[in-house]
$ cat entry_16.txt   # compact mmCIF, C-alpha atoms and all ligand atoms
# COMPACT_ATOMS: atom_id res chain seq x y z
CA MET A 1 0.00 0.00 0.00
CA SER A 2 1.66 3.22 -1.01
CA PHE A 3 0.67 6.36 0.80
CA LYS A 4 1.73 9.70 -0.63
CA PRO A 5 1.39 12.30 2.13
CA ALA A 6 3.11 15.09 0.20
CA ASN A 7 0.76 14.56 -2.79
CA ASN A 8 -2.19 14.80 -0.41
CA ILE A 9 -0.96 18.19 0.81
CA GLN A 10 -0.25 19.43 -2.71
CA ASP A 11 -3.65 18.34 -4.04
CA LEU A 12 -5.51 20.70 -1.73
CA GLN A 13 -6.67 23.77 -3.61
CA TYR A 14 -7.32 27.14 -2.02
CA PHE A 15 -8.58 30.48 -3.25
CA GLY A 16 -8.35 33.66 -1.24
CA GLU A 17 -11.27 36.06 -0.83
CA PHE A 18 -10.21 38.01 -3.96
CA GLY A 19 -8.97 35.03 -5.95
CA GLY A 20 -5.61 35.02 -4.21
CA VAL A 21 -3.55 31.83 -4.47
CA ASN A 22 -3.31 31.73 -0.70
CA PRO A 23 -6.42 31.55 1.44
CA SER A 24 -7.36 34.82 3.10
CA ILE A 25 -6.37 35.09 6.74
CA SER A 26 -9.27 35.41 9.14
CA ASP A 27 -7.95 38.30 11.19
CA SER A 28 -10.80 38.26 13.70
CA SER A 29 -11.32 36.83 17.13
CA THR A 30 -15.11 36.93 16.87
CA TYR A 31 -17.73 36.51 14.12
CA THR A 32 -21.09 38.09 13.42
CA PHE A 33 -24.38 36.31 12.84
CA LEU A 34 -27.21 37.60 10.71
CA SER A 35 -29.71 35.97 13.00
CA ALA A 36 -29.67 35.28 16.73
CA LYS A 37 -31.06 31.82 16.01
CA THR A 38 -27.93 30.84 14.03
CA MET A 39 -25.76 32.04 16.91
CA PHE A 40 -27.72 29.79 19.28
CA ASP A 41 -27.45 26.83 16.86
CA THR A 42 -23.71 27.36 16.54
CA PHE A 43 -23.28 27.20 20.31
CA GLU A 44 -25.25 23.98 20.28
CA GLY A 45 -22.86 22.65 17.62
CA ASN A 46 -25.63 22.53 14.97
CA ALA A 47 -24.49 25.14 12.47
CA ASP A 48 -21.77 23.68 10.28
CA GLY A 49 -19.68 26.23 8.45
CA CYS A 50 -20.41 29.05 10.91
CA TYR A 51 -17.67 30.55 13.00
CA LEU A 52 -18.24 31.64 16.54
CA TYR A 53 -15.09 32.70 18.28
CA SER A 54 -11.48 31.97 17.33
CA ARG A 55 -10.64 29.89 20.41
CA HIS A 56 -13.19 27.42 19.04
CA SER A 57 -12.10 27.52 15.39
CA SER A 58 -11.24 29.95 12.63
CA PRO A 59 -11.06 29.59 8.84
CA SER A 60 -7.24 29.83 8.87
CA ASN A 61 -6.93 27.18 11.55
CA LEU A 62 -9.31 24.91 9.67
CA TYR A 63 -7.25 25.24 6.48
CA LEU A 64 -4.09 24.27 8.33
CA GLY A 65 -5.88 21.42 10.08
CA GLU A 66 -7.18 20.18 6.73
CA ALA A 67 -3.63 20.06 5.31
CA LEU A 68 -2.31 18.23 8.35
CA ALA A 69 -5.17 15.71 8.26
CA ALA A 70 -4.45 15.14 4.55
CA MET A 71 -0.80 14.57 5.40
CA GLU A 72 -1.58 12.03 8.13
CA GLY A 73 -4.55 10.42 6.40
CA THR A 74 -6.99 11.10 9.24
CA GLU A 75 -10.57 12.37 8.93
CA THR A 76 -9.72 15.75 10.37
CA ALA A 77 -7.44 17.64 12.75
CA ASN A 78 -7.42 20.41 15.33
CA VAL A 79 -4.46 22.78 15.52
CA ALA A 80 -3.19 24.21 18.81
CA ALA A 81 -0.88 26.98 19.96
CA THR A 82 1.97 24.55 20.83
CA GLY A 83 2.76 20.86 20.69
CA MET A 84 2.02 20.58 24.41
CA GLY A 85 -1.23 22.46 23.73
CA ALA A 86 -2.21 19.52 21.49
CA ILE A 87 -0.88 16.65 23.61
CA THR A 88 -2.27 17.67 26.99
CA PRO A 89 -5.94 18.26 26.06
CA VAL A 90 -6.28 15.02 24.13
CA LEU A 91 -4.90 13.05 27.08
CA MET A 92 -7.21 14.86 29.47
CA GLN A 93 -10.17 14.31 27.15
CA LEU A 94 -9.59 10.57 26.84
CA CYS A 95 -8.88 9.94 30.54
CA ALA A 96 -10.93 10.67 33.62
CA GLN A 97 -10.17 10.28 37.32
CA GLY A 98 -9.15 6.70 38.10
CA ASP A 99 -7.94 5.93 34.56
CA HIS A 100 -4.52 4.70 33.57
CA ILE A 101 -2.10 5.30 30.70
CA VAL A 102 0.68 3.07 29.38
CA SER A 103 3.40 5.25 27.90
CA SER A 104 6.79 4.76 26.35
CA ARG A 105 9.44 5.80 28.85
CA THR A 106 11.47 7.56 26.17
CA ILE A 107 9.35 10.54 25.25
CA TYR A 108 9.82 14.30 25.17
CA GLY A 109 10.64 15.58 28.68
CA GLY A 110 7.60 17.88 28.81
CA THR A 111 5.19 15.05 27.99
CA TYR A 112 6.97 12.85 30.50
CA ALA A 113 6.65 15.53 33.20
CA PHE A 114 2.96 16.01 32.39
CA LEU A 115 2.22 12.30 32.80
CA LYS A 116 4.53 11.74 35.75
CA ASN A 117 3.88 14.88 37.83
CA PHE A 118 0.73 16.59 36.62
CA THR A 119 -1.99 14.10 35.64
CA PRO A 120 -1.70 12.17 38.98
CA ARG A 121 -3.15 15.34 40.58
CA PHE A 122 -6.31 14.50 38.64
CA GLY A 123 -6.21 10.80 39.50
CA VAL A 124 -4.69 9.63 36.21
CA GLU A 125 -1.63 7.38 36.65
CA THR A 126 0.88 6.32 34.01
CA SER A 127 3.10 3.25 33.71
CA PHE A 128 6.27 3.99 31.73
CA VAL A 129 7.58 1.04 29.72
CA ASP A 130 10.16 0.07 27.15
CA ILE A 131 8.01 0.58 24.07
CA THR A 132 10.20 -1.61 21.89
CA LYS A 133 9.12 -4.68 23.90
CA LEU A 134 5.52 -5.49 22.95
CA ASP A 135 5.16 -8.15 25.66
CA VAL A 136 6.20 -5.61 28.32
CA VAL A 137 3.73 -3.08 26.90
CA GLU A 138 0.86 -5.58 27.01
CA ALA A 139 1.76 -6.73 30.52
CA ALA A 140 1.47 -3.13 31.78
CA ILE A 141 -2.16 -2.81 30.68
CA GLN A 142 -4.65 -2.70 33.56
CA PRO A 143 -8.46 -2.94 33.53
CA ASN A 144 -8.59 0.88 33.85
CA THR A 145 -6.06 1.61 31.05
CA LYS A 146 -7.48 3.93 28.40
CA VAL A 147 -4.51 5.14 26.37
CA LEU A 148 -1.33 3.72 24.89
CA TYR A 149 1.11 6.57 24.22
CA CYS A 150 4.38 6.72 22.30
CA GLU A 151 6.50 8.69 19.85
CA SER A 152 7.11 7.07 16.46
CA VAL A 153 10.79 8.02 16.77
CA SER A 154 11.49 8.91 20.36
CA ASN A 155 13.02 12.05 21.79
CA PRO A 156 15.97 11.91 22.35
CA LEU A 157 17.01 8.24 22.07
CA LEU A 158 15.55 7.68 18.59
CA GLU A 159 13.87 4.46 19.61
CA VAL A 160 11.38 3.35 17.00
CA ALA A 161 7.87 2.24 17.96
CA ASP A 162 6.34 -0.76 16.18
CA ILE A 163 3.11 1.07 15.46
CA GLU A 164 1.35 -1.88 13.81
CA GLY A 165 2.23 -4.14 16.75
CA LEU A 166 1.08 -1.51 19.25
CA ALA A 167 -2.15 -0.93 17.31
CA LYS A 168 -2.98 -4.64 17.55
CA ILE A 169 -2.48 -4.55 21.33
CA ALA A 170 -4.54 -1.34 21.59
CA LYS A 171 -7.43 -2.88 19.61
CA LYS A 172 -7.35 -6.08 21.62
CA HIS A 173 -7.67 -4.17 24.90
CA GLY A 174 -9.97 -1.39 23.67
CA LEU A 175 -7.36 1.37 24.10
CA GLN A 176 -6.70 4.48 22.06
CA LEU A 177 -3.22 4.47 20.50
CA LEU A 178 -1.76 8.00 20.49
CA VAL A 179 1.44 8.57 18.51
CA ASP A 180 3.53 11.74 18.62
CA ASN A 181 5.03 11.92 15.11
CA THR A 182 7.03 15.15 15.59
CA PHE A 183 10.38 13.56 14.66
CA SER A 184 9.19 11.86 11.47
CA PRO A 185 6.61 13.87 9.50
CA LEU A 186 5.92 12.42 6.02
CA THR A 187 8.39 9.58 6.66
CA ILE A 188 6.06 7.70 8.99
CA SER A 189 2.27 7.82 8.75
CA PRO A 190 1.09 6.41 12.09
CA ALA A 191 -2.64 6.49 11.29
CA ARG A 192 -2.01 4.31 8.22
CA LEU A 193 -0.31 1.83 10.55
CA GLY A 194 -3.23 1.73 12.97
CA ALA A 195 -2.79 4.69 15.36
CA ASP A 196 -6.04 6.32 16.47
CA VAL A 197 -4.57 9.78 17.06
CA VAL A 198 -1.46 11.40 15.59
CA LEU A 199 0.11 14.36 17.36
CA HIS A 200 2.75 16.85 16.27
CA SER A 201 4.65 19.76 17.61
CA LEU A 202 4.45 21.96 14.50
CA THR A 203 7.21 24.05 16.10
CA LYS A 204 9.74 21.59 14.61
CA PHE A 205 10.10 20.18 11.07
CA ILE A 206 6.59 20.97 9.87
CA ASN A 207 6.96 24.72 10.24
CA GLY A 208 10.69 24.44 9.77
CA SER A 209 11.83 27.99 10.41
CA SER A 210 12.01 28.11 14.22
CA ASP A 211 9.89 31.27 14.25
CA THR A 212 6.69 29.96 15.79
CA MET A 213 5.13 27.40 18.10
CA GLY A 214 2.30 25.13 17.05
CA GLY A 215 0.71 21.75 17.57
CA VAL A 216 -1.92 19.48 16.07
CA ILE A 217 -4.19 16.59 16.97
CA CYS A 218 -5.06 14.47 13.91
CA GLY A 219 -7.90 12.00 14.42
CA SER A 220 -11.52 11.14 13.80
CA GLN A 221 -14.21 13.79 13.31
CA GLU A 222 -15.89 12.46 16.45
CA LEU A 223 -12.77 13.00 18.60
CA ILE A 224 -12.11 16.47 17.23
CA ASP A 225 -15.76 17.50 17.71
CA THR A 226 -15.50 16.29 21.31
CA LEU A 227 -12.32 18.29 21.89
CA ARG A 228 -13.97 21.44 20.49
CA ASN A 229 -17.22 21.04 22.37
CA VAL A 230 -18.07 24.32 24.14
CA ASN A 231 -19.35 22.48 27.24
CA ASP A 232 -16.73 19.87 27.93
CA GLY A 233 -14.12 19.88 25.16
CA ALA A 234 -10.55 20.04 26.51
CA SER A 235 -9.14 21.98 23.52
CA MET A 236 -11.89 24.57 23.75
CA LEU A 237 -11.80 24.87 27.54
CA LEU A 238 -8.06 24.66 28.21
CA GLY A 239 -7.70 27.28 25.52
CA ALA A 240 -4.34 26.67 23.82
CA SER A 241 -5.73 27.78 20.45
CA MET A 242 -3.50 28.84 17.58
CA ASP A 243 -3.56 32.37 16.25
CA SER A 244 -4.83 32.67 12.67
CA LEU A 245 -1.79 34.61 11.43
CA ARG A 246 0.44 31.77 12.60
CA ALA A 247 -1.81 29.15 11.06
CA ALA A 248 -1.50 30.92 7.71
CA SER A 249 2.29 31.08 7.91
CA ILE A 250 2.66 27.41 8.93
CA LEU A 251 0.38 26.37 6.04
CA LYS A 252 2.70 28.18 3.61
CA ASN A 253 5.78 26.49 5.09
CA MET A 254 4.14 23.06 4.82
CA ARG A 255 4.34 23.29 1.04
CA THR A 256 8.10 22.78 1.12
CA LEU A 257 8.07 20.12 3.84
CA HIS A 258 8.73 17.25 1.41
CA ILE A 259 11.76 18.99 -0.09
CA ARG A 260 13.12 19.88 3.35
CA MET A 261 12.60 16.40 4.80
CA LYS A 262 14.47 14.81 1.91
CA GLN A 263 17.41 17.17 2.43
CA HIS A 264 17.39 16.76 6.25
CA SER A 265 17.39 12.97 5.74
CA HIS A 266 20.09 13.02 3.07
CA ASN A 267 22.39 15.13 5.24
CA ALA A 268 21.73 13.17 8.42
CA LEU A 269 22.42 9.83 6.73
CA TYR A 270 25.68 11.18 5.29
CA LEU A 271 26.89 12.39 8.68
CA ALA A 272 25.68 9.31 10.58
CA GLU A 273 27.59 6.99 8.23
CA LYS A 274 30.75 9.09 8.51
CA PHE A 275 30.55 9.46 12.31
CA GLU A 276 30.01 5.74 12.73
CA ALA A 277 32.94 4.95 10.44
CA ASP A 278 35.07 7.30 12.56
CA GLY A 279 34.31 5.13 15.56
CA LEU A 280 31.79 7.43 17.27
CA LYS A 281 28.85 5.82 19.03
CA THR A 282 26.16 6.98 16.61
CA VAL A 283 22.42 6.38 16.67
CA TYR A 284 20.41 6.97 13.49
CA PRO A 285 17.48 4.87 12.23
CA GLY A 286 19.06 4.82 8.76
CA LEU A 287 22.12 2.89 9.99
CA SER A 288 21.93 -0.88 9.82
CA SER A 289 23.40 -0.89 13.36
CA HIS A 290 20.19 0.73 14.69
CA PRO A 291 18.22 -1.99 16.51
CA SER A 292 15.01 -0.99 14.70
CA HIS A 293 16.48 -0.27 11.25
CA GLU A 294 14.48 -3.06 9.56
CA LEU A 295 11.29 -2.10 11.39
CA PHE A 296 11.72 1.54 10.33
CA LYS A 297 12.23 0.43 6.72
CA ARG A 298 8.99 -1.57 6.84
CA MET A 299 7.00 1.35 8.22
CA MET A 300 8.46 4.28 6.29
CA ASN A 301 7.25 6.14 3.21
CA LYS A 302 10.56 5.54 1.48
CA GLU A 303 11.09 8.69 -0.54
CA TYR A 304 11.55 10.91 2.54
CA GLY A 305 14.47 9.00 4.08
CA PHE A 306 15.21 8.24 7.71
CA GLY A 307 14.75 11.74 9.09
CA GLY A 308 16.96 14.56 10.28
CA MET A 309 17.71 13.47 13.87
CA LEU A 310 20.82 11.64 15.05
CA THR A 311 22.73 11.28 18.28
CA ILE A 312 26.36 10.67 19.16
CA ASP A 313 27.84 9.87 22.55
CA VAL A 314 31.09 11.65 23.32
CA GLY A 315 31.59 10.15 26.79
CA SER A 316 30.93 13.01 29.20
CA LEU A 317 28.85 16.15 29.57
CA ASP A 318 32.01 18.30 29.70
CA LYS A 319 33.20 16.94 26.35
CA ALA A 320 29.73 17.34 24.89
CA ASN A 321 29.58 20.97 26.02
CA GLU A 322 33.08 21.72 24.74
CA LEU A 323 32.30 20.21 21.35
CA MET A 324 28.95 21.99 21.01
CA GLU A 325 30.44 25.36 21.95
CA LEU A 326 33.21 24.93 19.39
CA MET A 327 30.81 23.85 16.64
CA GLN A 328 28.70 26.93 17.31
CA GLU A 329 31.78 29.18 17.30
CA ARG A 330 32.71 27.77 13.88
CA ASN A 331 29.22 28.43 12.55
CA LEU A 332 28.25 24.79 12.11
CA GLY A 333 24.94 25.29 13.83
CA TYR A 334 23.43 26.48 17.08
CA LEU A 335 23.69 25.18 20.62
CA ALA A 336 19.93 25.22 21.01
CA VAL A 337 17.05 22.91 21.81
CA SER A 338 14.30 22.20 19.27
CA LEU A 339 14.60 20.72 15.80
CA GLY A 340 13.76 21.07 12.15
CA PHE A 341 15.61 24.35 11.49
CA TYR A 342 17.59 25.07 8.30
CA LYS A 343 20.77 25.20 10.39
CA THR A 344 21.90 22.26 12.47
CA LEU A 345 20.82 22.45 16.13
CA PHE A 346 22.55 20.51 18.88
CA SER A 347 21.99 20.03 22.59
CA ALA A 348 22.79 17.58 25.38
CA PRO A 349 19.35 16.21 26.24
CA GLY A 350 20.29 14.90 29.71
CA SER A 351 20.76 18.46 30.94
CA SER A 352 18.18 20.18 28.71
CA THR A 353 15.12 18.76 26.92
CA SER A 354 15.01 15.62 29.07
CA SER A 355 16.13 17.18 32.36
CA GLU A 356 12.60 16.61 33.70
CA ILE A 357 13.43 12.88 33.77
CA PRO A 358 15.15 11.93 37.05
CA GLU A 359 18.81 10.85 36.75
CA GLU A 360 18.21 7.19 37.75
CA GLU A 361 15.50 6.90 35.13
CA GLN A 362 17.72 8.54 32.51
CA ALA A 363 20.37 5.92 33.29
CA ALA A 364 17.82 3.07 33.12
CA MET A 365 16.69 4.14 29.66
CA GLY A 366 20.26 4.62 28.37
CA LEU A 367 20.25 8.41 28.30
CA THR A 368 23.89 9.17 29.03
CA ASP A 369 25.59 12.45 30.02
CA GLY A 370 27.74 12.57 26.91
CA LEU A 371 24.82 12.23 24.50
CA ILE A 372 24.48 15.00 21.92
CA ARG A 373 21.25 15.24 19.95
CA PHE A 374 21.60 16.74 16.48
CA SER A 375 18.84 18.08 14.30
CA ILE A 376 20.72 18.15 11.02
CA GLY A 377 20.14 21.22 8.87
CA LEU A 378 19.60 21.76 5.18
CA ASP A 379 23.31 22.35 4.40
CA ASN A 380 23.93 22.43 0.69
CA ASP A 381 27.40 20.89 0.97
CA ILE A 382 27.25 18.28 3.70
CA ALA A 383 30.72 16.92 2.86
CA ARG A 384 32.18 20.31 3.78
CA THR A 385 30.10 20.37 6.98
CA TYR A 386 31.39 16.92 7.90
CA LYS A 387 35.02 17.95 7.46
CA MET A 388 34.50 21.00 9.66
CA MET A 389 32.65 18.98 12.33
CA LYS A 390 35.34 16.35 12.33
CA GLN A 391 37.99 19.03 12.82
CA CYS A 392 36.06 20.26 15.88
CA MET A 393 35.97 16.69 17.23
CA VAL A 394 39.72 16.34 16.76
CA ASP A 395 40.32 19.74 18.37
CA VAL A 396 38.38 18.87 21.53
CA GLY A 397 39.84 15.35 21.68
CA VAL A 398 36.67 13.41 20.93
CA LEU A 399 38.45 11.90 17.94
CA LYS A 400 42.16 11.15 17.85
CA THR A 401 44.43 13.46 15.87
CA GLU A 402 45.63 10.48 13.82
CA ALA A 403 42.15 10.09 12.42
CA ALA A 404 42.94 11.89 9.16
CA VAL A 405 40.37 14.50 8.21
CA HIS A 406 39.43 13.29 4.74
N1 LIG A 501 6.74 16.29 21.18
C1 LIG A 501 8.03 16.20 20.90
C2 LIG A 501 8.58 14.92 20.34
C3 LIG A 501 8.88 17.30 21.13
O1 LIG A 501 10.18 17.20 20.85
C4 LIG A 501 8.32 18.48 21.66
C5 LIG A 501 9.15 19.67 21.96
O2 LIG A 501 10.34 19.63 22.03
C6 LIG A 501 6.97 18.51 21.96
C7 LIG A 501 6.20 17.41 21.68
C8 LIG A 501 6.32 19.74 22.55
O3 LIG A 501 6.09 20.69 21.55
P1 LIG A 501 6.01 22.27 21.83
O4 LIG A 501 7.34 22.68 22.34
O5 LIG A 501 5.65 22.82 20.49
O6 LIG A 501 4.95 22.47 22.86
$ encode --input "entry_16.txt" --output "structure tokens" --more "lines below"
Ligand code: PLP
Amino acid sequence: MSFKPANNIQDLQYFGEFGGVNPSISDSSTYTFLSAKTMFDTFEGNADGCYLYSRHSSPSNLYLGEALAAMEGTETANVAATGMGAITPVLMQLCAQGDHIVSSRTIYGGTYAFLKNFTPRFGVETSFVDITKLDVVEAAIQPNTKVLYCESVSNPLLEVADIEGLAKIAKKHGLQLLVDNTFSPLTISPARLGADVVLHSLTKFINGSSDTMGGVICGSQELIDTLRNVNDGASMLLGASMDSLRAASILKNMRTLHIRMKQHSHNALYLAEKFEADGLKTVYPGLSSHPSHELFKRMMNKEYGFGGMLTIDVGSLDKANELMELMQERNLGYLAVSLGFYKTLFSAPGSSTSSEIPEEEQAAMGLTDGLIRFSIGLDNDIARTYKMMKQCMVDVGVLKTEAAVH
């Protein structure tokens, strides 16, 4: 079965109010009604096509949601102000007091903190498991489990979830399978593999210019209607709605996502192969040494490659910091969290994006001090970048001087 997410985005056709090739931006927080009756019906959820108030929905947000749903192959989608603004309401909508979640233990630090520290205040407990072991996942399910949660490619360890295997378990036990696909847009299509809900932080690859935050929940019309319900919908009531101007700009950036993902993937594969050959401990799903390389190949939409994220382990946090500072000084990228920018971004997750995870748990999951996470940029000449990076590694002593820079 071949799924063409970029074609699905491209096939959408828009006309602006005056025939513009971009849809007009709805620069309004509130909307008028010609009759009071229609306003009442809209509040009741019975007036399709009418807009009420922009926290609920706006034309610009619906256009962006439509493109994201087309990309993921779901019925519809609801955009949010941030990735966390998408993840948290859907979890709160699907779980009530006394419910339970089974989650991968290697997930974004913010999501981990939400499940570990925040939802227990509302009586929702989470068991964190090694998501690559399906028997362990199934064994963690309790009678009150409602949600199975994972990232298709995990932050920061780049573990790969067997989405089809997890979907089977979810179906068998009547759970909703939620997959955060932030690290692998276009490459992996979780809904096609059986996920019920696909989440993204649009802040990353999808927007791609590190100038805005955004998030999305892709799922069934029924779920999205529930989330938007004015009486008890978590997206509507928690209020992390996206601004229309931002929705319009993210929609425009989405049109080049396929070109960018191919270049991110091409550059990351080149560097991962070189780093590994140099003897660095390198993790990248495109390397045959990655434990889930074959699984990734089975799941992926091939033309977009293995993604733009890779990690290396340089032994200690001090070395990692020294190397990152030098690479930034030599203009090879930025010492910054986040991902999906045109320049390479690097950070040491143990002391930054995953610092919410306690040290013992970091150790248990294999998150070491010397780990550097790279989001590889769109560099035109990646061979030149490699030579310069290797020189930095030699200069800080991560690689031996004898290792000729070729
Ligand atoms: N999911 C993943 C995999 C992430 O890496 C991040 C942020 O780093 C988020 C979700 C949260 O997204 P945001 O920062 O847009 O709220």
$ residues_near_ligand --input "entry_16.txt" --ligand "ligand LIG 501 (chain A)" --cutoff "10 Å" --atoms "all atoms listed in the file" --output "PyMOL selection string"
chain A and resi 80-88+106-112+150-156+179-184+199-204+212-216+337-339+353-354
$ write_last_selection --input "entry_16.txt" --atoms "C-alpha atoms" --output "PDB file, in the frame of the given file"
ATOM      1  CA  ALA A  80      -3.190  24.210  18.810  1.00  0.00           C
ATOM      2  CA  ALA A  81      -0.880  26.980  19.960  1.00  0.00           C
ATOM      3  CA  THR A  82       1.970  24.550  20.830  1.00  0.00           C
ATOM      4  CA  GLY A  83       2.760  20.860  20.690  1.00  0.00           C
ATOM      5  CA  MET A  84       2.020  20.580  24.410  1.00  0.00           C
ATOM      6  CA  GLY A  85      -1.230  22.460  23.730  1.00  0.00           C
ATOM      7  CA  ALA A  86      -2.210  19.520  21.490  1.00  0.00           C
ATOM      8  CA  ILE A  87      -0.880  16.650  23.610  1.00  0.00           C
ATOM      9  CA  THR A  88      -2.270  17.670  26.990  1.00  0.00           C
ATOM     10  CA  THR A 106      11.470   7.560  26.170  1.00  0.00           C
ATOM     11  CA  ILE A 107       9.350  10.540  25.250  1.00  0.00           C
ATOM     12  CA  TYR A 108       9.820  14.300  25.170  1.00  0.00           C
ATOM     13  CA  GLY A 109      10.640  15.580  28.680  1.00  0.00           C
ATOM     14  CA  GLY A 110       7.600  17.880  28.810  1.00  0.00           C
ATOM     15  CA  THR A 111       5.190  15.050  27.990  1.00  0.00           C
ATOM     16  CA  TYR A 112       6.970  12.850  30.500  1.00  0.00           C
ATOM     17  CA  CYS A 150       4.380   6.720  22.300  1.00  0.00           C
ATOM     18  CA  GLU A 151       6.500   8.690  19.850  1.00  0.00           C
ATOM     19  CA  SER A 152       7.110   7.070  16.460  1.00  0.00           C
ATOM     20  CA  VAL A 153      10.790   8.020  16.770  1.00  0.00           C
ATOM     21  CA  SER A 154      11.490   8.910  20.360  1.00  0.00           C
ATOM     22  CA  ASN A 155      13.020  12.050  21.790  1.00  0.00           C
ATOM     23  CA  PRO A 156      15.970  11.910  22.350  1.00  0.00           C
ATOM     24  CA  VAL A 179       1.440   8.570  18.510  1.00  0.00           C
ATOM     25  CA  ASP A 180       3.530  11.740  18.620  1.00  0.00           C
ATOM     26  CA  ASN A 181       5.030  11.920  15.110  1.00  0.00           C
ATOM     27  CA  THR A 182       7.030  15.150  15.590  1.00  0.00           C
ATOM     28  CA  PHE A 183      10.380  13.560  14.660  1.00  0.00           C
ATOM     29  CA  SER A 184       9.190  11.860  11.470  1.00  0.00           C
ATOM     30  CA  LEU A 199       0.110  14.360  17.360  1.00  0.00           C
ATOM     31  CA  HIS A 200       2.750  16.850  16.270  1.00  0.00           C
ATOM     32  CA  SER A 201       4.650  19.760  17.610  1.00  0.00           C
ATOM     33  CA  LEU A 202       4.450  21.960  14.500  1.00  0.00           C
ATOM     34  CA  THR A 203       7.210  24.050  16.100  1.00  0.00           C
ATOM     35  CA  LYS A 204       9.740  21.590  14.610  1.00  0.00           C
ATOM     36  CA  THR A 212       6.690  29.960  15.790  1.00  0.00           C
ATOM     37  CA  MET A 213       5.130  27.400  18.100  1.00  0.00           C
ATOM     38  CA  GLY A 214       2.300  25.130  17.050  1.00  0.00           C
ATOM     39  CA  GLY A 215       0.710  21.750  17.570  1.00  0.00           C
ATOM     40  CA  VAL A 216      -1.920  19.480  16.070  1.00  0.00           C
ATOM     41  CA  VAL A 337      17.050  22.910  21.810  1.00  0.00           C
ATOM     42  CA  SER A 338      14.300  22.200  19.270  1.00  0.00           C
ATOM     43  CA  LEU A 339      14.600  20.720  15.800  1.00  0.00           C
ATOM     44  CA  THR A 353      15.120  18.760  26.920  1.00  0.00           C
ATOM     45  CA  SER A 354      15.010  15.620  29.070  1.00  0.00           C
TER      46      SER A 354
END
$ residues_around --input "entry_16.txt" --residues "Leu94 of chain A" --least-positions-apart "6" --cutoff "9 Å" --atoms "only C-alpha atoms" --output "PyMOL selection string"
chain A and resi 146-147+176
$ residues_around --input "entry_16.txt" --residues "Pro5 of chain A" --least-positions-apart "5" --cutoff "8 Å" --atoms "all atoms listed in the file" --output "PyMOL selection string"
chain A and resi 70-73+186
$ atom_distance --input "entry_16.txt" --atom1 "atom CA of Asn144 of chain A" --atom2 "atom CA of His100 of chain A"
5.6 Å
$ closest_residue --input "entry_16.txt" --among "A:Val160, A:Leu257, A:Ile9, A:Ala234" --to "Ala69 of chain A" --atoms "only C-alpha atoms"
A:Ile9
$ build_atoms --input "entry_16.txt" --residues "segment 256-265 of chain A" --atoms "N, CA, C and O atoms" --output "PDB file, in the frame of the given file"
ATOM      1  N   THR A 256       6.720  23.196   1.456  1.00  0.00           N
ATOM      2  CA  THR A 256       8.100  22.780   1.120  1.00  0.00           C
ATOM      3  C   THR A 256       8.561  21.657   2.053  1.00  0.00           C
ATOM      4  O   THR A 256       9.733  21.283   2.013  1.00  0.00           O
ATOM      5  N   LEU A 257       7.655  21.126   2.853  1.00  0.00           N
ATOM      6  CA  LEU A 257       8.070  20.120   3.840  1.00  0.00           C
ATOM      7  C   LEU A 257       8.724  18.909   3.178  1.00  0.00           C
ATOM      8  O   LEU A 257       9.738  18.404   3.662  1.00  0.00           O
ATOM      9  N   HIS A 258       8.160  18.459   2.051  1.00  0.00           N
ATOM     10  CA  HIS A 258       8.730  17.250   1.410  1.00  0.00           C
ATOM     11  C   HIS A 258      10.155  17.494   0.922  1.00  0.00           C
ATOM     12  O   HIS A 258      11.020  16.635   1.046  1.00  0.00           O
ATOM     13  N   ILE A 259      10.398  18.685   0.412  1.00  0.00           N
ATOM     14  CA  ILE A 259      11.760  18.990  -0.090  1.00  0.00           C
ATOM     15  C   ILE A 259      12.714  19.075   1.100  1.00  0.00           C
ATOM     16  O   ILE A 259      13.830  18.541   1.071  1.00  0.00           O
ATOM     17  N   ARG A 260      12.249  19.722   2.167  1.00  0.00           N
ATOM     18  CA  ARG A 260      13.120  19.880   3.350  1.00  0.00           C
ATOM     19  C   ARG A 260      13.405  18.529   3.998  1.00  0.00           C
ATOM     20  O   ARG A 260      14.542  18.243   4.363  1.00  0.00           O
ATOM     21  N   MET A 261      12.369  17.692   4.128  1.00  0.00           N
ATOM     22  CA  MET A 261      12.600  16.400   4.800  1.00  0.00           C
ATOM     23  C   MET A 261      13.603  15.548   4.030  1.00  0.00           C
ATOM     24  O   MET A 261      14.445  14.869   4.617  1.00  0.00           O
ATOM     25  N   LYS A 262      13.512  15.599   2.703  1.00  0.00           N
ATOM     26  CA  LYS A 262      14.470  14.810   1.910  1.00  0.00           C
ATOM     27  C   LYS A 262      15.891  15.310   2.145  1.00  0.00           C
ATOM     28  O   LYS A 262      16.827  14.519   2.260  1.00  0.00           O
ATOM     29  N   GLN A 263      16.056  16.618   2.232  1.00  0.00           N
ATOM     30  CA  GLN A 263      17.410  17.170   2.430  1.00  0.00           C
ATOM     31  C   GLN A 263      17.898  16.917   3.868  1.00  0.00           C
ATOM     32  O   GLN A 263      19.057  16.568   4.075  1.00  0.00           O
ATOM     33  N   HIS A 264      17.005  17.083   4.858  1.00  0.00           N
ATOM     34  CA  HIS A 264      17.390  16.760   6.250  1.00  0.00           C
ATOM     35  C   HIS A 264      17.869  15.297   6.304  1.00  0.00           C
ATOM     36  O   HIS A 264      18.894  14.987   6.908  1.00  0.00           O
ATOM     37  N   SER A 265      17.085  14.410   5.679  1.00  0.00           N
ATOM     38  CA  SER A 265      17.390  12.970   5.740  1.00  0.00           C
ATOM     39  C   SER A 265      18.695  12.666   5.013  1.00  0.00           C
ATOM     40  O   SER A 265      19.517  11.881   5.495  1.00  0.00           O
TER      41      SER A 265
END
